[in-house]
There are 2 protein chains.
Amino acid sequence: MAHATIRDVAREADVSVASVSRVLNGHSNVRPAVRERVQAVAAALGYVPHAGARNLSLARTNAIGVMLPDLHGEFFSETARGIDSEASARGLQLLLSNAHTNPARAIETLRTMRGRVDGVIIMAPDLDPEQLFEHLPPSLPAVLINCPGNVGGRAELRVDNVAGAEAMVDHLVSTGRRRIVHLSGPEGNSEAQARIAGYRAAMARHGLVPRILPGDFFEEAGTAAAEALLSELDGPEAPDALFAANDMMAIGAMMRLRRAGVAVPGRIAIAGFDDVPLARLISPALTTMRVGIAGIGARAVVRLTALIAGGLDHAVEPRTPELIVRETTGPTINTEQPAGRE
Amino acid sequence: MAHATIRDVAREADVSVASVSRVLNGHSNVRPAVRERVQAVAAALGYVPHAGARNLSLARTNAIGVMLPDLHGEFFSETARGIDSEASARGLQLLLSNAHTNPARAIETLRTMRGRVDGVIIMAPDLDPEQLFEHLPPSLPAVLINCPGNVGGRAELRVDNVAGAEAMVDHLVSTGRRRIVHLSGPEGNSEAQARIAGYRAAMARHGLVPRILPGDFFEEAGTAAAEALLSELDGPEAPDALFAANDMMAIGAMMRLRRAGVAVPGRIAIAGFDDVPLARLISPALTTMRVGIAGIGARAVVRLTALIAGGLDHAVEPRTPELIVRETTGPTINTEQPAGRE
DNA sequence: CAAATTGATGTAACCGGTTACACATACAGT
DNA sequence: ACTGTATGTGTAACCGGTTACATCAATTTG
């Protein structure tokens, strides 16, 4: 009592499978009488075409594979949303997999996608690019997002994290901050590394001494960092700004500081990176670098579609983050009173 | 110069396709010499098995289809995260589609999944269940989430939205509020309807008069509702609580009220529904009903896996939302000063 | 030493669609 | 009448894997 196949329909309607196929795909060269009979039988049998078989035969799936870094929080959600909105507008389905930092699993996943998707979008800043490219079938259309080791001339979208971090440091300096601490992302992550590099460069340019706390992009790291800084806040060398490598850590830090009664931005400024939707909703609203996460996802789909259609695309398309100044880097004040509550 | 196939490998290694297949799938009955030769040739040719063909042959895809409502923001992301975490722990891939409210598209999507997934998880509160079930192939394992018209004895997870809304009204009443306005979800949405029903029932039980503003689950609806209420806040009949049908609308309303200098919860209490991660991060933190979004997604995967393995499951599993009291329903005060800034 | 058993390998059918090509019929043109 | 063309339909090969079964060589057993 399994599913009906096209041959069942053909037998029941007393025609050949070719005719059934033609009817189902709306080809014109079928006699109306046959068409109706086939449709009636298909409906009666509850026939639903087997998409997998169809894909194999057509060598076309109308699906794209998406490989994203570990799926917590808003960063993932925004990327997925951007990809999804563009993909479903084009009638494409998404085969989703998150890259568990574990390279072997990631590569395995990529292989599993062969023959099930028409192309892939890969964002895997944690992964060793060498390994990745070695196992990426050369004929599989792919658009990469922030893959620093992209040597094979693959289509790519690359956020300029170095320039972004520099811009943020410049902004903090312009508001009078000097003791700017950077809370970094995880060590193996190329974006985190680039943001560190930008931070270092800008600090050096301003003649300031860098100080980096290790983080991992999760809210808890921000909480921990804030906790570590609390004891120093009354000292002579008190940091006057915390620049987190992403928004979630910045938010974690803010929550902790608020709980300790430390005024932000009065006593210490806070800045993030990414501009997740949440950043403008919290209070005080977070100053951050907008990378246009959803837009990147959507753009990747557009380029991938062109690639699948047979186009050539070896470009590394740069995306420059934009500084979004909100409340957390406002003026320094002495009182504990939170600022900007208009 | 397309992809190498298993026959290419077989020819090159001078063995049969059966042997290649055996080597690649780790069967034991292959002579070591042959095994090595096949592996060498496969590597040299950059052979990657065609997963689609494999799926067809095995009648097994190790993928599950997921159909979610067209929701932006955190609700979608949380559901996806819950499903993904459980799915990838089991080595399953996700074929994602969002249900565009458009029933025809939704059904089309569902058909497209036949033969590409081993089962489906469907959350489509906007969809007419009749149509949905008519086109859902009966032999396709499926777990539904909040599908009120589930008559076919399908496995389902159902949040008790009525009880949840009642509990929230009870809570608001217990804090002394009487003029409680409900900001509802979209009309065609069954969850929104259930929350309205719960609100109505509880209001009646307390002898209070209900008042419902139409919304659509988006932040902007909350902003608009707050705007509409602003003019009434000084009047004699000023509402003292706004109970939004989801968190995003509650947040939208809060943002607007804050901008107008209205103290929350001093002048008016705000409550949401869902407990998205954001709810505890904003300030003042949002009182809401926790439905455990991610947990529902994960649970759906567990049940679907059992179903795919051949189990029977006709249960409608109830999930009772939990009241999470935070700051937005704290004590009423007269001053404009925001409360709870410890 | 023949017979029986074991193990490795190849052949070909199958999964469920699509479609090139062959074929049959109808209808036009001269 | 005899081609020539258009149209509808069926046959069978194909997409790229898996695997039941047959085959054959090597080893064990009586």
# chains A, B, ... in the order shown; residues from 1 in each chain; ligands from 1
>>> interface_residues(of="chain A", to="chain B", cutoff="9 Å", atoms="only C-alpha atoms", output="number ranges by chain")
A: 1-3, 46-53, 55-56, 63, 71-74, 76-78, 80-81, 84, 88, 92-98, 109, 111-117, 135, 137-140, 251-252, 255, 258-261, 277-278, 281-284, 341-342
>>> select_by_dssp(residues="stretch 67-216 of chain A", states="strand (DSSP E or B)", output="number ranges by chain")
A: 67-69, 93-99, 114, 117, 119-123, 142-145, 155-159, 180-183, 211-213
>>> residues_around(residues="B:Val316", least_positions_apart="5", cutoff="7 Å", atoms="only C-alpha atoms (C1' of nucleotides)", output="NGL selection string")
:B and (155-158)
>>> interface_residues(of="chain B", to="chain C", cutoff="8 Å", atoms="only C-alpha atoms (C1' of nucleotides)", output="ChimeraX atom specification")
/B:16,18-19,29-31,56-59
>>> write_last_selection(atoms="N, CA and C atoms", output="PDB file, in the first residue's frame")
ATOM      1  N   SER B  16      33.953  -4.305 -11.131  1.00  0.00           N
ATOM      2  CA  SER B  16      32.545  -4.043 -11.429  1.00  0.00           C
ATOM      3  C   SER B  16      32.008  -2.935 -10.525  1.00  0.00           C
ATOM      4  N   ALA B  18      29.569  -3.166  -8.702  1.00  0.00           N
ATOM      5  CA  ALA B  18      29.194  -3.751  -7.412  1.00  0.00           C
ATOM      6  C   ALA B  18      30.350  -3.645  -6.430  1.00  0.00           C
ATOM      7  N   SER B  19      31.517  -3.943  -6.902  1.00  0.00           N
ATOM      8  CA  SER B  19      32.675  -3.879  -5.999  1.00  0.00           C
ATOM      9  C   SER B  19      32.937  -2.448  -5.551  1.00  0.00           C
ATOM     10  N   ASN B  29      33.249  -7.786   2.556  1.00  0.00           N
ATOM     11  CA  ASN B  29      33.665  -8.825   1.612  1.00  0.00           C
ATOM     12  C   ASN B  29      34.314  -8.282   0.341  1.00  0.00           C
ATOM     13  N   VAL B  30      35.416  -7.632   0.509  1.00  0.00           N
ATOM     14  CA  VAL B  30      36.188  -7.133  -0.626  1.00  0.00           C
ATOM     15  C   VAL B  30      37.666  -7.407  -0.337  1.00  0.00           C
ATOM     16  N   ARG B  31      38.372  -7.894  -1.328  1.00  0.00           N
ATOM     17  CA  ARG B  31      39.791  -8.169  -1.123  1.00  0.00           C
ATOM     18  C   ARG B  31      40.521  -6.846  -0.889  1.00  0.00           C
ATOM     19  N   LEU B  56      17.303   7.373  -4.190  1.00  0.00           N
ATOM     20  CA  LEU B  56      16.281   6.715  -4.996  1.00  0.00           C
ATOM     21  C   LEU B  56      16.393   5.203  -4.844  1.00  0.00           C
ATOM     22  N   SER B  57      17.594   4.758  -4.921  1.00  0.00           N
ATOM     23  CA  SER B  57      17.822   3.325  -4.852  1.00  0.00           C
ATOM     24  C   SER B  57      17.473   2.762  -3.471  1.00  0.00           C
ATOM     25  N   LEU B  58      17.841   3.485  -2.462  1.00  0.00           N
ATOM     26  CA  LEU B  58      17.623   3.004  -1.097  1.00  0.00           C
ATOM     27  C   LEU B  58      16.229   3.336  -0.570  1.00  0.00           C
ATOM     28  N   ALA B  59      15.528   4.203  -1.285  1.00  0.00           N
ATOM     29  CA  ALA B  59      14.237   4.685  -0.805  1.00  0.00           C
ATOM     30  C   ALA B  59      14.384   5.284   0.589  1.00  0.00           C
TER      31      ALA B  59
END
>>> calpha_fit_rmsd(fixed="chain A", moving="chain B")
0.2 Å
>>> interface_residues(of="chain D", to="chain B", cutoff="8 Å", atoms="only C-alpha atoms (C1' of nucleotides)", output="list in words")
DG16, DG17 and DT18 of chain D
>>> select_by_dssp(residues="stretch 90-314 of chain A", states="helix (DSSP H, G or I)", output="ChimeraX atom specification")
/A:103-113,129-135,161-174,190-205,219-230,247-259,277-280,293-308
>>> residues_around(residues="A:Tyr199", least_positions_apart="3", cutoff="9 Å", atoms="only C-alpha atoms (C1' of nucleotides)", output="compact mmCIF listing (two decimals) with C-alpha atoms, in the first residue's frame")
# COMPACT_ATOMS: atom_id res chain seq x y z
CA VAL A 162 39.43 44.67 9.22
CA ALA A 163 38.09 47.99 7.98
CA GLY A 164 34.98 47.53 10.10
CA ALA A 165 36.92 47.03 13.28
CA GLU A 166 39.12 50.00 12.45
CA ALA A 167 36.11 52.19 11.87
CA MET A 168 34.70 51.23 15.24
CA VAL A 169 37.93 52.01 17.05
CA HIS A 182 38.54 44.28 22.59
CA ALA A 194 40.22 39.90 11.01
CA ARG A 195 38.39 41.97 13.59
CA ILE A 196 41.32 41.60 15.94
CA ALA A 202 43.60 51.21 14.54
CA MET A 203 44.86 51.20 18.11
CA ALA A 204 48.44 51.40 16.88
CA PRO A 210 45.64 47.22 22.69
CA PHE A 243 34.46 46.72 21.82
>>> residues_around(residues="B:Thr101", least_positions_apart="4", cutoff="8 Å", atoms="only C-alpha atoms (C1' of nucleotides)", output="list of chain:residue names")
B:Pro69, B:Asp70, B:Ala106, B:Asp126, B:Leu127
>>> write_last_selection(atoms="C-alpha atoms", output="short mmCIF file (atom, residue, chain, number, x, y, z; two decimals), in the first residue's frame")
data_model
loop_
_atom_site.label_atom_id
_atom_site.label_comp_id
_atom_site.auth_asym_id
_atom_site.auth_seq_id
_atom_site.Cartn_x
_atom_site.Cartn_y
_atom_site.Cartn_z
CA PRO B 69 5.02 29.84 8.81
CA ASP B 70 6.38 32.87 7.07
CA ALA B 106 2.17 25.41 0.37
CA ASP B 126 -2.38 30.10 8.68
CA LEU B 127 -3.39 27.26 6.43
#
>>> atom_distance(atom1="atom CA of A:Ile145", atom2="atom CA of A:Val301")
11.1 Å
>>> residues_around(residues="stretch 287-300 of chain B", least_positions_apart="6", cutoff="7 Å", atoms="only C-alpha atoms (C1' of nucleotides)", output="ChimeraX atom specification")
/B:78-79,81-83,86,121,143,164,271-275,321-329
>>> atom_distance(atom1="atom CA of B:Met67", atom2="atom CA of A:Ala104")
28.9 Å
>>> decode(residues="stretch 228-269 of chain A", atoms="N, CA and C atoms", output="PDB file, in the first residue's frame")
ATOM      1  N   ALA A 228      34.980  40.398  34.634  1.00  0.00           N
ATOM      2  CA  ALA A 228      36.422  40.566  34.811  1.00  0.00           C
ATOM      3  C   ALA A 228      36.804  42.038  34.892  1.00  0.00           C
ATOM      4  N   LEU A 229      36.093  42.845  34.149  1.00  0.00           N
ATOM      5  CA  LEU A 229      36.451  44.269  34.110  1.00  0.00           C
ATOM      6  C   LEU A 229      35.914  45.044  35.313  1.00  0.00           C
ATOM      7  N   LEU A 230      34.889  44.490  35.956  1.00  0.00           N
ATOM      8  CA  LEU A 230      34.223  45.239  37.034  1.00  0.00           C
ATOM      9  C   LEU A 230      35.196  45.757  38.085  1.00  0.00           C
ATOM     10  N   SER A 231      36.112  44.880  38.498  1.00  0.00           N
ATOM     11  CA  SER A 231      37.013  45.251  39.584  1.00  0.00           C
ATOM     12  C   SER A 231      37.947  46.399  39.194  1.00  0.00           C
ATOM     13  N   GLU A 232      38.189  46.539  37.905  1.00  0.00           N
ATOM     14  CA  GLU A 232      39.135  47.567  37.465  1.00  0.00           C
ATOM     15  C   GLU A 232      38.482  48.934  37.321  1.00  0.00           C
ATOM     16  N   LEU A 233      37.143  48.951  37.345  1.00  0.00           N
ATOM     17  CA  LEU A 233      36.463  50.171  36.919  1.00  0.00           C
ATOM     18  C   LEU A 233      36.709  51.357  37.838  1.00  0.00           C
ATOM     19  N   ASP A 234      37.129  51.088  39.068  1.00  0.00           N
ATOM     20  CA  ASP A 234      37.399  52.208  39.962  1.00  0.00           C
ATOM     21  C   ASP A 234      38.871  52.579  39.987  1.00  0.00           C
ATOM     22  N   GLY A 235      39.683  51.727  39.382  1.00  0.00           N
ATOM     23  CA  GLY A 235      41.126  51.964  39.388  1.00  0.00           C
ATOM     24  C   GLY A 235      41.532  53.099  38.459  1.00  0.00           C
ATOM     25  N   PRO A 236      42.816  53.423  38.472  1.00  0.00           N
ATOM     26  CA  PRO A 236      43.334  54.528  37.670  1.00  0.00           C
ATOM     27  C   PRO A 236      43.397  54.167  36.182  1.00  0.00           C
ATOM     28  N   GLU A 237      43.481  52.885  35.902  1.00  0.00           N
ATOM     29  CA  GLU A 237      43.626  52.450  34.511  1.00  0.00           C
ATOM     30  C   GLU A 237      42.312  51.893  33.975  1.00  0.00           C
ATOM     31  N   ALA A 238      41.225  52.344  34.546  1.00  0.00           N
ATOM     32  CA  ALA A 238      39.925  51.787  34.176  1.00  0.00           C
ATOM     33  C   ALA A 238      39.670  51.897  32.676  1.00  0.00           C
ATOM     34  N   PRO A 239      39.269  50.797  32.046  1.00  0.00           N
ATOM     35  CA  PRO A 239      38.911  50.851  30.618  1.00  0.00           C
ATOM     36  C   PRO A 239      37.705  51.765  30.435  1.00  0.00           C
ATOM     37  N   ASP A 240      37.691  52.488  29.334  1.00  0.00           N
ATOM     38  CA  ASP A 240      36.540  53.360  29.101  1.00  0.00           C
ATOM     39  C   ASP A 240      35.699  52.923  27.903  1.00  0.00           C
ATOM     40  N   ALA A 241      36.075  51.793  27.298  1.00  0.00           N
ATOM     41  CA  ALA A 241      35.244  51.257  26.212  1.00  0.00           C
ATOM     42  C   ALA A 241      35.490  49.767  26.069  1.00  0.00           C
ATOM     43  N   LEU A 242      34.414  49.056  25.792  1.00  0.00           N
ATOM     44  CA  LEU A 242      34.528  47.632  25.494  1.00  0.00           C
ATOM     45  C   LEU A 242      33.981  47.415  24.093  1.00  0.00           C
ATOM     46  N   PHE A 243      34.845  46.963  23.216  1.00  0.00           N
ATOM     47  CA  PHE A 243      34.464  46.717  21.824  1.00  0.00           C
ATOM     48  C   PHE A 243      34.405  45.202  21.632  1.00  0.00           C
ATOM     49  N   ALA A 244      33.201  44.681  21.573  1.00  0.00           N
ATOM     50  CA  ALA A 244      33.038  43.234  21.428  1.00  0.00           C
ATOM     51  C   ALA A 244      33.024  42.857  19.953  1.00  0.00           C
ATOM     52  N   ALA A 245      33.523  41.675  19.652  1.00  0.00           N
ATOM     53  CA  ALA A 245      33.645  41.231  18.266  1.00  0.00           C
ATOM     54  C   ALA A 245      32.304  40.861  17.644  1.00  0.00           C
ATOM     55  N   ASN A 246      31.272  40.732  18.475  1.00  0.00           N
ATOM     56  CA  ASN A 246      29.925  40.623  17.902  1.00  0.00           C
ATOM     57  C   ASN A 246      28.891  41.169  18.888  1.00  0.00           C
ATOM     58  N   ASP A 247      27.678  41.307  18.408  1.00  0.00           N
ATOM     59  CA  ASP A 247      26.646  41.954  19.219  1.00  0.00           C
ATOM     60  C   ASP A 247      26.251  41.140  20.442  1.00  0.00           C
ATOM     61  N   MET A 248      26.179  39.830  20.286  1.00  0.00           N
ATOM     62  CA  MET A 248      25.696  39.024  21.405  1.00  0.00           C
ATOM     63  C   MET A 248      26.607  39.168  22.617  1.00  0.00           C
ATOM     64  N   MET A 249      27.905  39.199  22.387  1.00  0.00           N
ATOM     65  CA  MET A 249      28.824  39.383  23.521  1.00  0.00           C
ATOM     66  C   MET A 249      28.665  40.783  24.100  1.00  0.00           C
ATOM     67  N   ALA A 250      28.481  41.762  23.232  1.00  0.00           N
ATOM     68  CA  ALA A 250      28.287  43.126  23.722  1.00  0.00           C
ATOM     69  C   ALA A 250      27.048  43.192  24.614  1.00  0.00           C
ATOM     70  N   ILE A 251      26.016  42.506  24.199  1.00  0.00           N
ATOM     71  CA  ILE A 251      24.781  42.515  24.980  1.00  0.00           C
ATOM     72  C   ILE A 251      24.977  41.799  26.310  1.00  0.00           C
ATOM     73  N   GLY A 252      25.666  40.673  26.262  1.00  0.00           N
ATOM     74  CA  GLY A 252      25.961  39.958  27.504  1.00  0.00           C
ATOM     75  C   GLY A 252      26.702  40.852  28.488  1.00  0.00           C
ATOM     76  N   ALA A 253      27.659  41.597  27.967  1.00  0.00           N
ATOM     77  CA  ALA A 253      28.429  42.490  28.828  1.00  0.00           C
ATOM     78  C   ALA A 253      27.539  43.594  29.401  1.00  0.00           C
ATOM     79  N   MET A 254      26.694  44.136  28.548  1.00  0.00           N
ATOM     80  CA  MET A 254      25.805  45.207  29.011  1.00  0.00           C
ATOM     81  C   MET A 254      24.892  44.748  30.132  1.00  0.00           C
ATOM     82  N   MET A 255      24.346  43.559  29.953  1.00  0.00           N
ATOM     83  CA  MET A 255      23.438  43.039  30.979  1.00  0.00           C
ATOM     84  C   MET A 255      24.152  42.947  32.321  1.00  0.00           C
ATOM     85  N   ARG A 256      25.376  42.446  32.277  1.00  0.00           N
ATOM     86  CA  ARG A 256      26.133  42.281  33.514  1.00  0.00           C
ATOM     87  C   ARG A 256      26.461  43.631  34.145  1.00  0.00           C
ATOM     88  N   LEU A 257      26.855  44.573  33.314  1.00  0.00           N
ATOM     89  CA  LEU A 257      27.222  45.890  33.826  1.00  0.00           C
ATOM     90  C   LEU A 257      26.003  46.587  34.414  1.00  0.00           C
ATOM     91  N   ARG A 258      24.882  46.429  33.756  1.00  0.00           N
ATOM     92  CA  ARG A 258      23.672  47.061  34.278  1.00  0.00           C
ATOM     93  C   ARG A 258      23.352  46.506  35.660  1.00  0.00           C
ATOM     94  N   ARG A 259      23.509  45.187  35.784  1.00  0.00           N
ATOM     95  CA  ARG A 259      23.196  44.546  37.048  1.00  0.00           C
ATOM     96  C   ARG A 259      24.117  45.069  38.154  1.00  0.00           C
ATOM     97  N   ALA A 260      25.342  45.444  37.770  1.00  0.00           N
ATOM     98  CA  ALA A 260      26.285  45.969  38.755  1.00  0.00           C
ATOM     99  C   ALA A 260      26.121  47.477  38.946  1.00  0.00           C
ATOM    100  N   GLY A 261      25.171  48.063  38.258  1.00  0.00           N
ATOM    101  CA  GLY A 261      24.935  49.480  38.422  1.00  0.00           C
ATOM    102  C   GLY A 261      25.937  50.377  37.716  1.00  0.00           C
ATOM    103  N   VAL A 262      26.623  49.827  36.755  1.00  0.00           N
ATOM    104  CA  VAL A 262      27.598  50.624  36.001  1.00  0.00           C
ATOM    105  C   VAL A 262      26.882  51.300  34.835  1.00  0.00           C
ATOM    106  N   ALA A 263      27.039  52.602  34.722  1.00  0.00           N
ATOM    107  CA  ALA A 263      26.335  53.334  33.676  1.00  0.00           C
ATOM    108  C   ALA A 263      26.982  53.119  32.317  1.00  0.00           C
ATOM    109  N   VAL A 264      26.139  52.757  31.350  1.00  0.00           N
ATOM    110  CA  VAL A 264      26.579  52.650  29.963  1.00  0.00           C
ATOM    111  C   VAL A 264      25.742  53.636  29.170  1.00  0.00           C
ATOM    112  N   PRO A 265      26.354  54.574  28.455  1.00  0.00           N
ATOM    113  CA  PRO A 265      27.787  54.724  28.210  1.00  0.00           C
ATOM    114  C   PRO A 265      28.495  55.628  29.196  1.00  0.00           C
ATOM    115  N   GLY A 266      27.830  56.020  30.266  1.00  0.00           N
ATOM    116  CA  GLY A 266      28.436  56.985  31.184  1.00  0.00           C
ATOM    117  C   GLY A 266      29.824  56.577  31.651  1.00  0.00           C
ATOM    118  N   ARG A 267      29.923  55.411  32.256  1.00  0.00           N
ATOM    119  CA  ARG A 267      31.220  54.994  32.780  1.00  0.00           C
ATOM    120  C   ARG A 267      32.052  54.278  31.730  1.00  0.00           C
ATOM    121  N   ILE A 268      31.378  53.487  30.926  1.00  0.00           N
ATOM    122  CA  ILE A 268      32.101  52.726  29.912  1.00  0.00           C
ATOM    123  C   ILE A 268      31.218  52.600  28.671  1.00  0.00           C
ATOM    124  N   ALA A 269      31.846  52.769  27.536  1.00  0.00           N
ATOM    125  CA  ALA A 269      31.111  52.610  26.277  1.00  0.00           C
ATOM    126  C   ALA A 269      31.123  51.140  25.874  1.00  0.00           C
TER     127      ALA A 269
END
